[in-house]
>>> print(open('final.cif').read())   # mmCIF, C-alpha atoms
data_entry
loop_
_atom_site.label_atom_id
_atom_site.label_comp_id
_atom_site.auth_asym_id
_atom_site.auth_seq_id
_atom_site.Cartn_x
_atom_site.Cartn_y
_atom_site.Cartn_z
CA MET A 12 -13.49 -5.30 -19.65
CA MET A 13 -11.15 -3.95 -22.32
CA HIS A 14 -7.59 -4.28 -23.53
CA ILE A 15 -5.41 -1.16 -23.08
CA PHE A 16 -1.79 -0.24 -23.73
CA SER A 17 0.04 -0.97 -20.49
CA MET A 18 2.96 1.48 -20.86
CA LYS A 19 4.80 -0.54 -18.19
CA ARG A 20 7.82 -1.79 -20.08
CA GLN A 21 10.36 0.78 -18.89
CA THR A 22 9.56 0.87 -15.17
CA LYS A 23 9.24 -2.93 -14.92
CA LYS A 24 13.00 -3.02 -15.41
CA ARG A 25 13.65 -0.53 -12.60
CA ALA A 26 14.51 -1.92 -9.16
CA ILE A 27 13.06 -0.35 -6.03
CA GLU A 28 14.89 2.88 -5.20
CA THR A 29 14.72 5.36 -2.36
CA ILE A 30 14.95 9.14 -2.38
CA ASP A 31 16.30 11.51 0.24
CA ASP A 32 13.84 12.08 3.06
CA ALA A 33 11.91 15.34 2.90
CA PRO A 34 12.72 18.06 5.44
CA VAL A 35 9.02 18.36 6.33
CA LEU A 36 6.34 15.67 6.19
CA TYR A 37 2.57 16.23 6.08
CA LEU A 38 0.72 13.39 7.79
CA SER A 39 -2.97 13.35 7.02
CA LEU A 40 -5.33 12.33 9.80
CA SER A 41 -7.57 10.95 7.02
CA GLN A 42 -5.29 8.37 5.41
CA HIS A 43 -8.20 5.95 5.39
CA ILE A 44 -11.92 5.56 4.84
CA GLY A 45 -13.80 6.48 8.01
CA LYS A 46 -13.31 8.93 10.85
CA PRO A 47 -10.09 10.97 11.01
CA SER A 48 -7.61 9.77 13.59
CA GLU A 49 -7.11 11.86 16.73
CA PRO A 50 -3.69 13.43 17.50
CA ILE A 51 -2.02 12.38 20.74
CA VAL A 52 0.92 14.77 20.26
CA SER A 53 1.13 18.55 20.54
CA VAL A 54 2.93 21.29 18.63
CA GLY A 55 6.54 21.47 19.80
CA ASP A 56 6.78 17.81 20.83
CA ARG A 57 9.86 15.91 19.74
CA VAL A 58 8.91 12.49 18.39
CA ARG A 59 10.83 9.39 17.38
CA LYS A 60 10.56 7.32 14.22
CA TYR A 61 7.64 4.82 14.34
CA GLN A 62 6.08 6.64 17.31
CA LEU A 63 2.27 6.75 17.40
CA LEU A 64 1.13 10.29 16.54
CA ALA A 65 -2.61 9.86 16.15
CA GLN A 66 -5.00 7.15 17.30
CA ALA A 67 -7.86 5.58 15.41
CA SER A 68 -11.16 7.17 16.46
CA GLY A 69 -13.78 4.47 16.35
CA ILE A 70 -13.95 1.19 14.45
CA MET A 71 -13.53 2.59 10.93
CA SER A 72 -10.31 4.54 11.43
CA ALA A 73 -6.55 3.96 11.50
CA ASN A 74 -3.49 4.90 13.54
CA VAL A 75 -0.86 7.30 12.17
CA HIS A 76 2.84 6.97 13.00
CA ALA A 77 5.97 9.06 12.55
CA PRO A 78 8.01 8.08 9.46
CA VAL A 79 11.02 10.00 10.83
CA SER A 80 12.15 11.57 14.08
CA GLY A 81 11.73 15.30 14.54
CA VAL A 82 9.52 18.03 15.97
CA ILE A 83 5.79 18.58 15.53
CA LYS A 84 5.71 21.88 13.67
CA SER A 85 1.93 22.31 13.52
CA ILE A 86 -1.39 20.50 13.45
CA LYS A 87 -3.59 22.26 10.95
CA LYS A 88 -5.51 21.93 7.71
CA HIS A 89 -3.71 21.29 4.42
CA PRO A 90 -4.92 20.12 1.00
CA LEU A 91 -4.64 16.52 -0.13
CA ALA A 92 -3.60 15.74 -3.69
CA ASP A 93 -7.23 15.93 -4.85
CA GLY A 94 -7.67 19.39 -3.30
CA THR A 95 -9.65 18.20 -0.28
CA VAL A 96 -8.59 20.07 2.83
CA VAL A 97 -8.02 17.87 5.89
CA ASP A 98 -6.29 18.07 9.25
CA MET A 99 -2.62 17.15 9.12
CA ILE A 100 0.27 16.74 11.51
CA VAL A 101 3.25 18.63 10.10
CA LEU A 102 6.47 16.95 11.18
CA GLU A 103 9.83 18.70 10.81
CA ASN A 104 12.51 16.11 10.12
CA ASP A 105 15.62 16.29 12.31
CA PHE A 106 17.38 13.69 10.09
CA MET A 107 18.56 11.78 13.16
CA ASN A 108 16.26 8.79 12.52
CA ASP A 109 16.06 8.21 16.25
CA GLN A 110 13.50 5.42 16.50
CA ILE A 111 11.44 3.88 19.27
CA ASP A 112 12.49 0.56 20.73
CA ILE A 113 11.06 -2.30 18.68
CA PRO A 114 10.20 -5.39 20.73
CA VAL A 115 11.39 -8.82 19.68
CA VAL A 116 8.30 -11.00 19.10
CA ASP A 117 8.04 -14.59 17.91
CA SER A 118 5.34 -13.99 15.30
CA SER A 119 4.78 -17.71 14.80
CA ASN A 120 3.26 -17.93 18.28
CA LEU A 121 0.75 -15.10 17.85
CA THR A 122 -2.94 -15.96 18.01
CA GLU A 123 -5.44 -14.86 15.36
CA ASP A 124 -6.66 -12.04 17.60
CA GLN A 125 -3.11 -10.90 18.31
CA ILE A 126 -2.33 -10.76 14.57
CA VAL A 127 -5.38 -8.59 13.92
CA GLU A 128 -4.38 -6.36 16.83
CA LYS A 129 -0.84 -5.97 15.41
CA ILE A 130 -2.33 -4.94 12.05
CA LYS A 131 -4.58 -2.44 13.80
CA GLU A 132 -1.72 -1.00 15.86
CA ALA A 133 0.37 -0.57 12.69
CA GLY A 134 -2.30 1.58 11.02
CA ILE A 135 -2.44 -0.54 7.89
CA VAL A 136 -5.05 0.39 5.28
CA GLY A 137 -5.70 -1.09 1.86
CA GLU A 138 -2.91 -0.09 -0.53
CA GLY A 139 -4.85 -0.86 -3.69
CA GLY A 140 -6.55 2.53 -3.51
CA ALA A 141 -9.63 1.98 -1.34
CA GLN A 142 -7.79 2.75 1.95
CA PHE A 143 -10.14 0.50 3.92
CA PRO A 144 -8.70 -0.15 7.42
CA THR A 145 -7.24 -3.63 7.05
CA HIS A 146 -7.88 -4.86 10.57
CA VAL A 147 -11.61 -4.25 10.06
CA LYS A 148 -11.60 -6.43 6.92
CA TYR A 149 -10.08 -9.34 8.84
CA VAL A 150 -12.66 -9.30 11.63
CA LEU A 151 -14.85 -12.07 10.22
CA GLN A 152 -17.83 -11.87 12.61
CA GLY A 153 -18.54 -15.57 12.24
CA HIS A 154 -18.25 -15.73 8.43
CA LYS A 155 -16.40 -18.69 6.92
CA ILE A 156 -13.81 -17.69 4.33
CA ASP A 157 -13.34 -20.11 1.47
CA THR A 158 -11.14 -18.03 -0.86
CA PHE A 159 -8.37 -15.56 -0.05
CA ILE A 160 -7.28 -13.59 -3.13
CA ILE A 161 -4.02 -11.62 -3.12
CA ASN A 162 -4.49 -8.94 -5.76
CA GLY A 163 -1.30 -8.60 -7.79
CA THR A 164 -3.33 -7.66 -10.87
CA GLU A 165 -1.95 -4.19 -11.51
CA CYS A 166 -4.21 -3.22 -14.40
CA GLU A 167 -3.65 0.56 -14.45
CA PRO A 168 -1.27 1.65 -17.23
CA TYR A 169 2.24 2.78 -16.26
CA LEU A 170 2.09 1.41 -12.69
CA THR A 171 4.60 -1.29 -11.75
CA SER A 172 4.96 -0.79 -7.99
CA ASP A 173 3.11 -4.02 -7.13
CA TYR A 174 5.02 -5.92 -9.82
CA ILE A 175 8.41 -4.88 -8.48
CA LEU A 176 7.35 -5.57 -4.88
CA MET A 177 6.29 -9.10 -5.84
CA LYS A 178 9.53 -9.59 -7.76
CA GLU A 179 12.00 -8.25 -5.19
CA ARG A 180 10.20 -9.15 -1.96
CA ALA A 181 8.43 -12.37 -2.82
CA THR A 182 9.52 -14.20 0.34
CA GLU A 183 8.14 -11.45 2.57
CA LEU A 184 4.94 -11.38 0.51
CA PHE A 185 4.43 -15.15 0.87
CA LYS A 186 5.10 -14.99 4.61
CA GLY A 187 2.52 -12.20 4.86
CA ILE A 188 -0.01 -14.35 2.99
CA LEU A 189 0.35 -17.16 5.52
CA ILE A 190 0.14 -14.74 8.45
CA ILE A 191 -3.17 -13.38 7.16
CA ASN A 192 -4.51 -16.83 6.38
CA LYS A 193 -3.86 -17.89 9.95
CA VAL A 194 -6.75 -15.51 10.66
CA LEU A 195 -8.88 -16.24 7.59
CA LYS A 196 -8.35 -20.02 7.40
CA ALA A 197 -9.25 -20.05 3.69
CA SER A 198 -8.85 -23.39 1.94
CA ASP A 199 -8.14 -21.69 -1.42
CA ILE A 200 -5.36 -19.07 -1.49
CA VAL A 201 -4.94 -17.41 -4.89
CA LEU A 202 -2.24 -14.93 -5.93
CA SER A 203 -3.48 -13.24 -9.10
CA ILE A 204 -1.18 -11.67 -11.70
CA GLU A 205 -1.69 -10.55 -15.27
CA GLU A 206 -0.41 -12.37 -18.34
CA GLN A 207 2.08 -9.56 -19.00
CA ASN A 208 3.68 -10.28 -15.61
CA LYS A 209 3.91 -14.06 -15.92
CA ASP A 210 7.70 -13.78 -15.71
CA LEU A 211 7.05 -13.58 -11.95
CA LEU A 212 6.44 -17.32 -12.03
CA SER A 213 10.21 -17.84 -12.14
CA VAL A 214 10.42 -15.93 -8.84
CA PHE A 215 7.41 -17.64 -7.26
CA THR A 216 8.13 -21.24 -8.31
CA PRO A 217 10.84 -22.05 -5.72
CA LEU A 218 8.47 -20.80 -3.01
CA LEU A 219 5.42 -22.57 -4.44
CA ASN A 220 7.38 -25.83 -4.56
CA SER A 221 8.21 -25.67 -0.86
CA ALA A 222 6.01 -27.45 1.69
CA GLU A 223 5.49 -24.20 3.59
CA TYR A 224 3.58 -22.54 0.75
CA LYS A 225 1.85 -25.54 -0.83
CA GLN A 226 -1.57 -23.98 -0.13
CA ILE A 227 -0.91 -21.02 -2.44
CA ARG A 228 -1.66 -21.11 -6.15
CA VAL A 229 -1.09 -18.48 -8.85
CA LYS A 230 -3.85 -17.43 -11.23
CA ILE A 231 -2.74 -15.73 -14.45
CA LEU A 232 -5.42 -13.38 -15.81
CA PRO A 233 -5.78 -11.57 -19.17
CA ASN A 234 -4.27 -8.10 -19.64
CA GLU A 235 -7.58 -6.29 -19.36
CA TYR A 236 -8.87 -3.20 -17.61
CA PRO A 237 -10.23 -3.05 -14.91
CA GLN A 238 -9.10 -6.59 -14.10
CA GLY A 239 -7.76 -5.47 -10.72
CA GLY A 240 -11.09 -4.08 -9.49
CA GLU A 241 -12.33 -6.15 -6.57
CA LEU A 242 -15.60 -7.36 -8.10
CA GLN A 243 -14.04 -8.02 -11.52
CA LEU A 244 -11.17 -9.91 -9.89
CA ILE A 245 -13.51 -12.06 -7.82
CA LYS A 246 -15.46 -13.03 -10.93
CA SER A 247 -12.26 -13.84 -12.85
CA VAL A 248 -10.85 -15.99 -10.04
CA THR A 249 -13.97 -17.68 -8.62
CA GLY A 250 -16.62 -17.26 -11.32
CA LYS A 251 -18.90 -15.58 -8.76
CA GLU A 252 -20.51 -12.30 -9.79
CA LEU A 253 -21.22 -10.29 -6.66
CA PRO A 254 -23.59 -7.30 -6.76
CA ARG A 255 -22.27 -3.90 -5.75
CA GLY A 256 -22.78 -3.10 -2.09
CA VAL A 257 -22.34 -6.72 -0.99
CA LEU A 258 -19.28 -7.47 1.11
CA PRO A 259 -17.10 -10.22 -0.38
CA ARG A 260 -16.56 -11.46 3.18
CA ASP A 261 -20.27 -12.29 3.41
CA ASN A 262 -19.79 -14.55 0.38
CA GLY A 263 -16.75 -16.34 1.76
CA ILE A 264 -14.12 -14.23 -0.06
CA ILE A 265 -11.44 -11.80 1.12
CA VAL A 266 -9.32 -9.75 -1.31
CA SER A 267 -6.15 -7.92 -0.26
CA ASN A 268 -3.68 -5.99 -2.40
CA ALA A 269 -0.11 -7.30 -2.61
CA GLY A 270 1.20 -4.10 -1.00
CA THR A 271 -1.20 -4.51 1.91
CA VAL A 272 -0.03 -8.09 2.47
CA TYR A 273 3.59 -6.94 2.50
CA SER A 274 2.74 -4.26 5.08
CA VAL A 275 1.09 -6.94 7.23
CA TYR A 276 4.33 -8.92 7.11
CA LYS A 277 6.25 -5.82 8.23
CA SER A 278 3.83 -5.16 11.10
CA VAL A 279 3.73 -8.70 12.45
CA VAL A 280 7.25 -10.00 11.81
CA GLU A 281 9.31 -6.79 11.98
CA GLN A 282 6.93 -4.97 14.37
CA LYS A 283 7.01 -1.86 12.17
CA PRO A 284 3.99 0.36 11.46
CA LEU A 285 2.95 1.57 8.03
CA VAL A 286 5.16 4.60 7.33
CA GLU A 287 6.19 4.05 3.70
CA ARG A 288 5.03 2.54 0.44
CA ILE A 289 6.25 1.88 -3.09
CA ILE A 290 5.06 4.15 -5.89
CA THR A 291 5.75 4.34 -9.64
CA ILE A 292 6.88 7.54 -11.33
CA SER A 293 6.40 7.43 -15.10
CA GLY A 294 5.10 9.32 -18.10
CA GLU A 295 6.35 10.90 -21.28
CA GLU A 296 7.49 14.12 -19.57
CA SER A 297 9.26 12.48 -16.64
CA LYS A 298 12.95 13.27 -16.44
CA ARG A 299 13.47 10.12 -14.37
CA ILE A 300 11.18 7.13 -14.06
CA GLY A 301 11.14 4.22 -11.67
CA ASN A 302 9.70 2.56 -8.60
CA LEU A 303 10.35 4.51 -5.42
CA GLU A 304 9.90 3.55 -1.79
CA VAL A 305 8.69 6.80 -0.29
CA LEU A 306 7.80 7.85 3.24
CA ILE A 307 4.12 8.55 3.82
CA GLY A 308 3.63 12.28 4.20
CA THR A 309 6.32 13.22 1.66
CA PRO A 310 5.25 16.37 -0.25
CA ILE A 311 4.64 15.76 -3.94
CA SER A 312 6.92 18.70 -4.70
CA HIS A 313 9.78 16.84 -2.98
CA ILE A 314 9.18 13.72 -5.07
CA LEU A 315 9.10 15.79 -8.25
CA GLN A 316 12.33 17.54 -7.35
CA SER A 317 13.99 14.18 -6.73
CA GLN A 318 13.00 13.23 -10.28
CA GLY A 319 14.37 16.40 -11.86
CA LEU A 320 10.99 18.15 -12.07
CA PRO A 321 11.14 21.26 -9.86
CA GLY A 322 7.61 22.31 -10.81
CA ILE A 323 4.73 21.46 -13.10
CA PRO A 324 3.89 24.19 -15.64
CA ASP A 325 0.29 25.38 -15.60
CA GLU A 326 -0.45 23.77 -18.96
CA ASP A 327 0.90 20.35 -17.97
CA ILE A 328 -1.05 17.64 -16.18
CA LEU A 329 0.15 15.51 -13.29
CA VAL A 330 -1.93 12.37 -12.70
CA LEU A 331 -1.87 10.82 -9.24
CA GLY A 332 -2.99 7.27 -8.56
CA GLY A 333 -3.17 5.91 -12.10
CA ALA A 334 -3.73 7.17 -15.62
CA TYR A 335 -7.36 5.97 -15.74
CA ASP A 336 -8.52 6.06 -12.15
CA GLY A 337 -6.31 8.79 -10.75
CA GLN A 338 -6.63 12.49 -10.00
CA GLU A 339 -5.54 15.04 -12.59
CA ARG A 340 -3.93 18.21 -11.29
CA CYS A 341 -2.70 21.19 -13.33
CA GLY A 342 -0.22 23.87 -12.23
CA TYR A 343 -0.60 22.83 -8.61
CA PHE A 344 2.53 21.20 -7.34
CA ARG A 345 4.90 23.94 -6.35
CA SER A 346 6.58 24.61 -2.98
CA ASP A 347 5.16 22.26 -0.29
CA ASN A 348 2.07 20.85 -2.03
#
>>> encode(input="final.cif", output="structure tokens")
Amino acid sequence: MMHIFSMKRQTKKRAIETIDDAPVLYLSLSQHIGKPSEPIVSVGDRVRKYQLLAQASGIMSANVHAPVSGVIKSIKKHPLADGTVVDMIVLENDFMNDQIDIPVVDSSNLTEDQIVEKIKEAGIVGEGGAQFPTHVKYVLQGHKIDTFIINGTECEPYLTSDYILMKERATELFKGILIINKVLKASDIVLSIEEQNKDLLSVFTPLLNSAEYKQIRVKILPNEYPQGGELQLIKSVTGKELPRGVLPRDNGIIVSNAGTVYSVYKSVVEQKPLVERIITISGEESKRIGNLEVLIGTPISHILQSQGLPGIPDEDILVLGGAYDGQERCGYFRSDN
């Protein structure tokens, strides 16, 4: 591993913001590793916020839900940020935010199987970048889990979306940790953060000192890249060096990103599917920087316009997903891309 300049200072000070919803959203049927989900709506249908639009097709797949209410404009192929062309549901926003009825559920009484089913229904996938369907990860198939690691080790430069989530929504994060561990039953629960984010301890300490969260401990790791990679993180936390291709679950370890854990909380406690996530906008040419909670399916052009960047000149580079591990695109994000 290596030490890099983090470039996080400015956005760490920016609270979570929202932007105006886009008039049209592009919902990929491949938001996850595995088979594309299958649409259960048709062109012309009016749908409500949180409504199921596409079902998981097979074990390694994930549901897709409506982030807003509106009308299905088309179901056709569009490019992802990396240029890959996939099937998408194009949803025209009616700006009414008419949502489906959300049942009232006492989440404390849910069984392990019911929790996993709620996660599956919500369409949650790993938010650390791998996009592995989360419900599949938590099906243990008889394996005993000793260590549950919550990955708050945001090692990519510029990115502070996990940091600000842990800072502003720590209670929800901790509740999500316990919900997941009701399934995993790990004896060692570790929330990992980097040295540069140790100020989070002042947020975590009141929770850690309560009887409810006494099982959880925080591990502060060096500011090194790629500290947040799953195998590197496991070695740093447990001392175990797992070979590539071996599932951590088979070695008694489960790792979940902080954003994923928060989404689990939302799905189980608030009964809301995954329709939004927090992202960081930063860089030397950004007119505005910060941490934005953005609806899934929002066109990149809409996000850029909200930040005072109506288009990216052909000679400029926009990096998506992280300065080191992301996708570089040039002269691409105009109109509805």
>>> atom_distance(input="final.cif", atom1="CA of Val229 (chain A)", atom2="CA of Leu285 (chain A)")
26.5 Å
>>> closest_residue(input="final.cif", among="A:Lys277, A:Lys88, A:Lys131, A:His14", to="Gly69 (chain A)", atoms="only C-alpha atoms")
A:Lys131
>>> closest_residue(input="final.cif", among="A:Glu304, A:Glu281, A:Glu296, A:Glu235", to="Met12 (chain A)", atoms="only C-alpha atoms")
A:Glu235
>>> residues_around(input="final.cif", residues="Asp261 (chain A)", least_positions_apart="4", cutoff="12 Å", atoms="only C-alpha atoms", output="MDAnalysis selection string")
chainID A and resid 148:158 253:254 256:257 265
>>> write_last_selection(input="final.cif", atoms="C-alpha atoms", output="mmCIF file, keeping the file's coordinate frame")
data_model
loop_
_atom_site.group_PDB
_atom_site.id
_atom_site.type_symbol
_atom_site.label_atom_id
_atom_site.label_comp_id
_atom_site.auth_asym_id
_atom_site.auth_seq_id
_atom_site.Cartn_x
_atom_site.Cartn_y
_atom_site.Cartn_z
ATOM 1 C CA LYS A 148 -11.600 -6.430 6.920
ATOM 2 C CA TYR A 149 -10.080 -9.340 8.840
ATOM 3 C CA VAL A 150 -12.660 -9.300 11.630
ATOM 4 C CA LEU A 151 -14.850 -12.070 10.220
ATOM 5 C CA GLN A 152 -17.830 -11.870 12.610
ATOM 6 C CA GLY A 153 -18.540 -15.570 12.240
ATOM 7 C CA HIS A 154 -18.250 -15.730 8.430
ATOM 8 C CA LYS A 155 -16.400 -18.690 6.920
ATOM 9 C CA ILE A 156 -13.810 -17.690 4.330
ATOM 10 C CA ASP A 157 -13.340 -20.110 1.470
ATOM 11 C CA THR A 158 -11.140 -18.030 -0.860
ATOM 12 C CA LEU A 253 -21.220 -10.290 -6.660
ATOM 13 C CA PRO A 254 -23.590 -7.300 -6.760
ATOM 14 C CA GLY A 256 -22.780 -3.100 -2.090
ATOM 15 C CA VAL A 257 -22.340 -6.720 -0.990
ATOM 16 C CA ILE A 265 -11.440 -11.800 1.120
#
>>> residues_around(input="final.cif", residues="Val116 (chain A)", least_positions_apart="4", cutoff="10 Å", atoms="all atoms listed in the file", output="list in words")
Asn120, Leu121, Val279, Val280, Glu281 and Gln282 of chain A
>>> residues_around(input="final.cif", residues="Ser80 (chain A)", least_positions_apart="2", cutoff="9 Å", atoms="all atoms listed in the file", output="MDAnalysis selection string")
chainID A and resid 57:62 77:78 82 102:110
>>> atom_distance(input="final.cif", atom1="CA of Lys19 (chain A)", atom2="CA of Arg299 (chain A)")
14.3 Å
